[in-house]
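Student: Here it is, the structure in full.
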Amino acid sequence: MKSSTAATKVLGLVTLTGTVATVWLGLWVTPPDAVQGDLVRILYLHAPVAWIAYLAFGITALASILYLWPRTRDRRWDLLAGASAEIGVVCTALTLAIGSIWGRGSWGVWWTWDARLTTTVLLLALFLGYLALRRVPGDVEVRSRRAAIAALVAAVDIPIVHMSVTWWRTLHQPPSVLKPDFLHPSIHGSMAWTLLLGFLSLTVGYAWLLIHRYRVEQMEDELEQHGLDIAIAERRAEAELVRP
């Protein structure tokens with residue numbers, strides 16, 4: 001337990017240090033973009049947060065597959081899927097909020113029904129529905145299986161969100177790094193290194209958050225099971241009292 005706590009502290013420290021360095025580089029070291037000017041500085045946070053949303057939902061989908069597969073079915077996969085989805089929902093909401101700030105300066109409006117934005121809102125709604133489905137009362141195994149299927153359905157929208165700027169004509173700019181021709185990124189020099197540091201820092205931050213949220217999921221599951229055991233014991237005691 002002590003080694004686990006120490007590991008999470010290291011992850012938290014790395015996240016904090018990397019994020020502070022990213023902000024410093026993004027605001028005071030990197031130059032303005034030739035086209036976007038100082039608006040490009042928002043992207044050093046916007047793009048990594050969007051990446052964490054992809055990653056979190058991807059882990060949810062993978063954990064859901066492992067739960068549905070009979071050979072690997074384990075309650076822990078379901079708990080991991082739920083914990084990761086919560087982080088993904090928060091990051092998706094942040095992606096939309098930060099993106100709207102960038103859009104106000106770049107497009108002149110806070111919101112437009114652009115293909116990227118519309119599919120991202122749909123992704124957020126789908127995983128909010130997934131989280132709501134996890135809270136529906138019922139048998140744990142049935143509820144977990146139902147949620148896992150819902151997660152896989154929602155995950156179909158992830159590649160659609162990412163490829164929307166390629167498949168359709170949109171206001172949103174094409175990807176600078178996470179694109180099919182990833183060997184030739186559209187960003188270079190100190191700007192590229194700052195963006196990379198942002199990706200790495202928030203990825204470590206995701207791991208830190210996931211560990212803590214998974215522990216909470218485990219405690220909630222144990223509390224729910226304990227409450228169920230107490231309720232069963234009470235019903236048995238009542239049955240003994242009324243038995244002739």
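In the structure tokens, each chain is lettered A, B, ... as it comes, each chain's residues begin at 1, and ligands are numbered from 1 in order of appearance.
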For Gln218 (chain A), list every protein, DNA or RNA residue within 12 Å, evaluated using only C-alpha atoms, and leave out those in the same chain fewer than 5 positions away; present the list as number ranges by chain.
Tutor: A: 75-80, 82-83, 211-213, 223-225
Student: Selected residues, N, CA and C atoms, written as a compact mmCIF listing (two decimals), in the first residue's frame, please.
Tutor:
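File result36.txt, as written:
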# COMPACT_ATOMS: atom_id res chain seq x y z
N ARG A 75 -15.03 -8.37 -12.49
CA ARG A 75 -15.67 -7.14 -12.00
C ARG A 75 -14.73 -5.94 -12.07
N ARG A 76 -13.43 -6.19 -11.95
CA ARG A 76 -12.46 -5.11 -11.98
C ARG A 76 -12.43 -4.38 -13.32
N TRP A 77 -12.65 -5.11 -14.40
CA TRP A 77 -12.69 -4.45 -15.72
C TRP A 77 -13.86 -3.48 -15.80
N ASP A 78 -14.99 -3.87 -15.23
CA ASP A 78 -16.16 -2.98 -15.23
C ASP A 78 -15.89 -1.73 -14.43
N LEU A 79 -15.25 -1.89 -13.27
CA LEU A 79 -14.93 -0.72 -12.44
C LEU A 79 -13.94 0.19 -13.15
N LEU A 80 -12.95 -0.40 -13.83
CA LEU A 80 -11.99 0.39 -14.58
C LEU A 80 -12.66 1.17 -15.71
N GLY A 82 -15.76 2.23 -15.85
CA GLY A 82 -16.53 3.35 -15.30
C GLY A 82 -15.65 4.49 -14.84
N ALA A 83 -14.53 4.16 -14.19
CA ALA A 83 -13.62 5.19 -13.71
C ALA A 83 -13.02 5.99 -14.87
N ILE A 211 -6.09 6.02 -11.31
CA ILE A 211 -5.78 5.22 -10.13
C ILE A 211 -6.67 5.62 -8.96
N HIS A 212 -6.78 6.93 -8.74
CA HIS A 212 -7.59 7.40 -7.61
C HIS A 212 -9.08 7.12 -7.83
N ARG A 213 -9.56 7.35 -9.04
CA ARG A 213 -10.99 7.12 -9.30
C ARG A 213 -11.34 5.64 -9.24
N LEU A 223 -18.98 -1.06 -0.58
CA LEU A 223 -20.04 -0.52 0.27
C LEU A 223 -21.40 -1.00 -0.20
N GLU A 224 -21.60 -1.02 -1.51
CA GLU A 224 -22.87 -1.50 -2.06
C GLU A 224 -23.08 -2.97 -1.73
N GLN A 225 -22.02 -3.77 -1.87
CA GLN A 225 -22.12 -5.20 -1.56
C GLN A 225 -22.38 -5.42 -0.08
Student: Could you give me the residues within region 89-213 of chain A that DSSP places in alpha helix (DSSP H), as an NGL selection string?
Tutor: :A and (89-106 or 115-134 or 140-155 or 157-167 or 189-213)
Student: Can you list, as JSON, numbers by chain, every protein, DNA or RNA residue that comes within 12 Å of Gly138 (chain A) when you count only C-alpha atoms, leaving out same-chain residues fewer than 5 positions away?
Tutor: {"A": [133, 143, 144, 145, 146, 147, 224, 228]}
Student: How would the residues just chosen look if you wrote them out with N, CA and C atoms as a short mmCIF file (atom, residue, chain, number, x, y, z; two decimals), in the first residue's frame?
Tutor:
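Okay, out-v5.cif is ready:
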data_model
loop_
_atom_site.label_atom_id
_atom_site.label_comp_id
_atom_site.auth_asym_id
_atom_site.auth_seq_id
_atom_site.Cartn_x
_atom_site.Cartn_y
_atom_site.Cartn_z
N LEU A 133 -26.47 5.00 -17.09
CA LEU A 133 -26.88 3.59 -17.15
C LEU A 133 -26.20 2.77 -16.06
N ARG A 143 -26.29 -5.31 -14.93
CA ARG A 143 -26.01 -3.88 -15.10
C ARG A 143 -24.65 -3.65 -15.74
N SER A 144 -23.66 -4.40 -15.33
CA SER A 144 -22.31 -4.26 -15.87
C SER A 144 -22.27 -4.67 -17.33
N ARG A 145 -22.94 -5.76 -17.68
CA ARG A 145 -22.96 -6.21 -19.06
C ARG A 145 -23.68 -5.20 -19.95
N ARG A 146 -24.78 -4.67 -19.46
CA ARG A 146 -25.54 -3.68 -20.20
C ARG A 146 -24.72 -2.41 -20.42
N ALA A 147 -23.99 -1.99 -19.39
CA ALA A 147 -23.15 -0.80 -19.50
C ALA A 147 -22.00 -1.03 -20.47
N GLU A 224 -21.60 -1.02 -1.51
CA GLU A 224 -22.87 -1.50 -2.06
C GLU A 224 -23.08 -2.97 -1.73
N LEU A 228 -25.93 -4.70 0.62
CA LEU A 228 -26.77 -5.78 0.13
C LEU A 228 -26.73 -6.96 1.09
#
Student: Closest to Gly18 (chain A) among A:Leu45, A:Thr118, A:Ala148, A:Trp107, using only C-alpha atoms?
Tutor: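 The closest residue to Gly18 (chain A) is A:Leu45.
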Student: Report, in Å with one decimal, the straight-line distance from CA of Leu13 (chain A) to CA of Ser100 (chain A).
Tutor: 29.6 Å
Student: Which residues come within 7 Å of Thr203 (chain A), counting only C-alpha atoms, excluding same-chain residues fewer than 4 positions away, as a count of residues only?
Tutor: 3
Student: Using only C-alpha atoms, which residues sit within 12 Å of Gly198 (chain A) once same-chain residues fewer than 2 positions away are excluded, as an MDAnalysis selection string?
Tutor: chainID A and resid 14:26 41:52 191:196 200:205
Student: Quick one: residues within 12 Å of Leu62 (chain A), only C-alpha atoms counted, chain neighbours fewer than 6 positions away excluded, as a PyMOL selection string?
Tutor: chain A and resi 55-56+68-69+72+77-78+80-82+84-85+148-149+151-152+155
Student: Would you save the residues from that selection as a PDB file, in the first residue's frame, using C-alpha atoms?
Tutor:
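The result, stored in selection26.pdb:
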ATOM      1  CA  LEU A  55      -7.604   7.861 -24.397  1.00  0.00           C
ATOM      2  CA  ALA A  56     -10.067   7.624 -21.518  1.00  0.00           C
ATOM      3  CA  LEU A  68     -17.835  -9.043 -21.998  1.00  0.00           C
ATOM      4  CA  TRP A  69     -15.338 -11.709 -23.099  1.00  0.00           C
ATOM      5  CA  THR A  72     -11.481 -12.404 -19.088  1.00  0.00           C
ATOM      6  CA  TRP A  77     -12.693  -4.451 -15.719  1.00  0.00           C
ATOM      7  CA  ASP A  78     -16.159  -2.983 -15.235  1.00  0.00           C
ATOM      8  CA  LEU A  80     -11.988   0.394 -14.578  1.00  0.00           C
ATOM      9  CA  ALA A  81     -14.315   1.172 -17.486  1.00  0.00           C
ATOM     10  CA  GLY A  82     -16.531   3.346 -15.303  1.00  0.00           C
ATOM     11  CA  SER A  84     -12.027   5.970 -17.065  1.00  0.00           C
ATOM     12  CA  ALA A  85     -15.321   7.103 -18.587  1.00  0.00           C
ATOM     13  CA  ALA A 148     -20.297  -2.518 -21.353  1.00  0.00           C
ATOM     14  CA  ILE A 149     -22.430  -2.856 -24.483  1.00  0.00           C
ATOM     15  CA  ALA A 151     -19.773   1.814 -23.912  1.00  0.00           C
ATOM     16  CA  LEU A 152     -18.887  -0.019 -27.129  1.00  0.00           C
ATOM     17  CA  ALA A 155     -17.035   4.388 -28.639  1.00  0.00           C
TER      18      ALA A 155
END
Student: In Å to one decimal, how far is CA of Glu222 (chain A) from CA of Leu126 (chain A)?
Tutor: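 Pair CA of Leu126 (chain A) / CA of Glu222 (chain A) returns 27.2 Å.
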Student: Could you tell me which of A:Pro70, A:Gly88, A:Gly58, A:Pro31 comes closest to Leu209 (chain A) if we count only C-alpha atoms?
Tutor: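 Looking at the shortest contact to Leu209 (chain A), the residue is A:Gly88.
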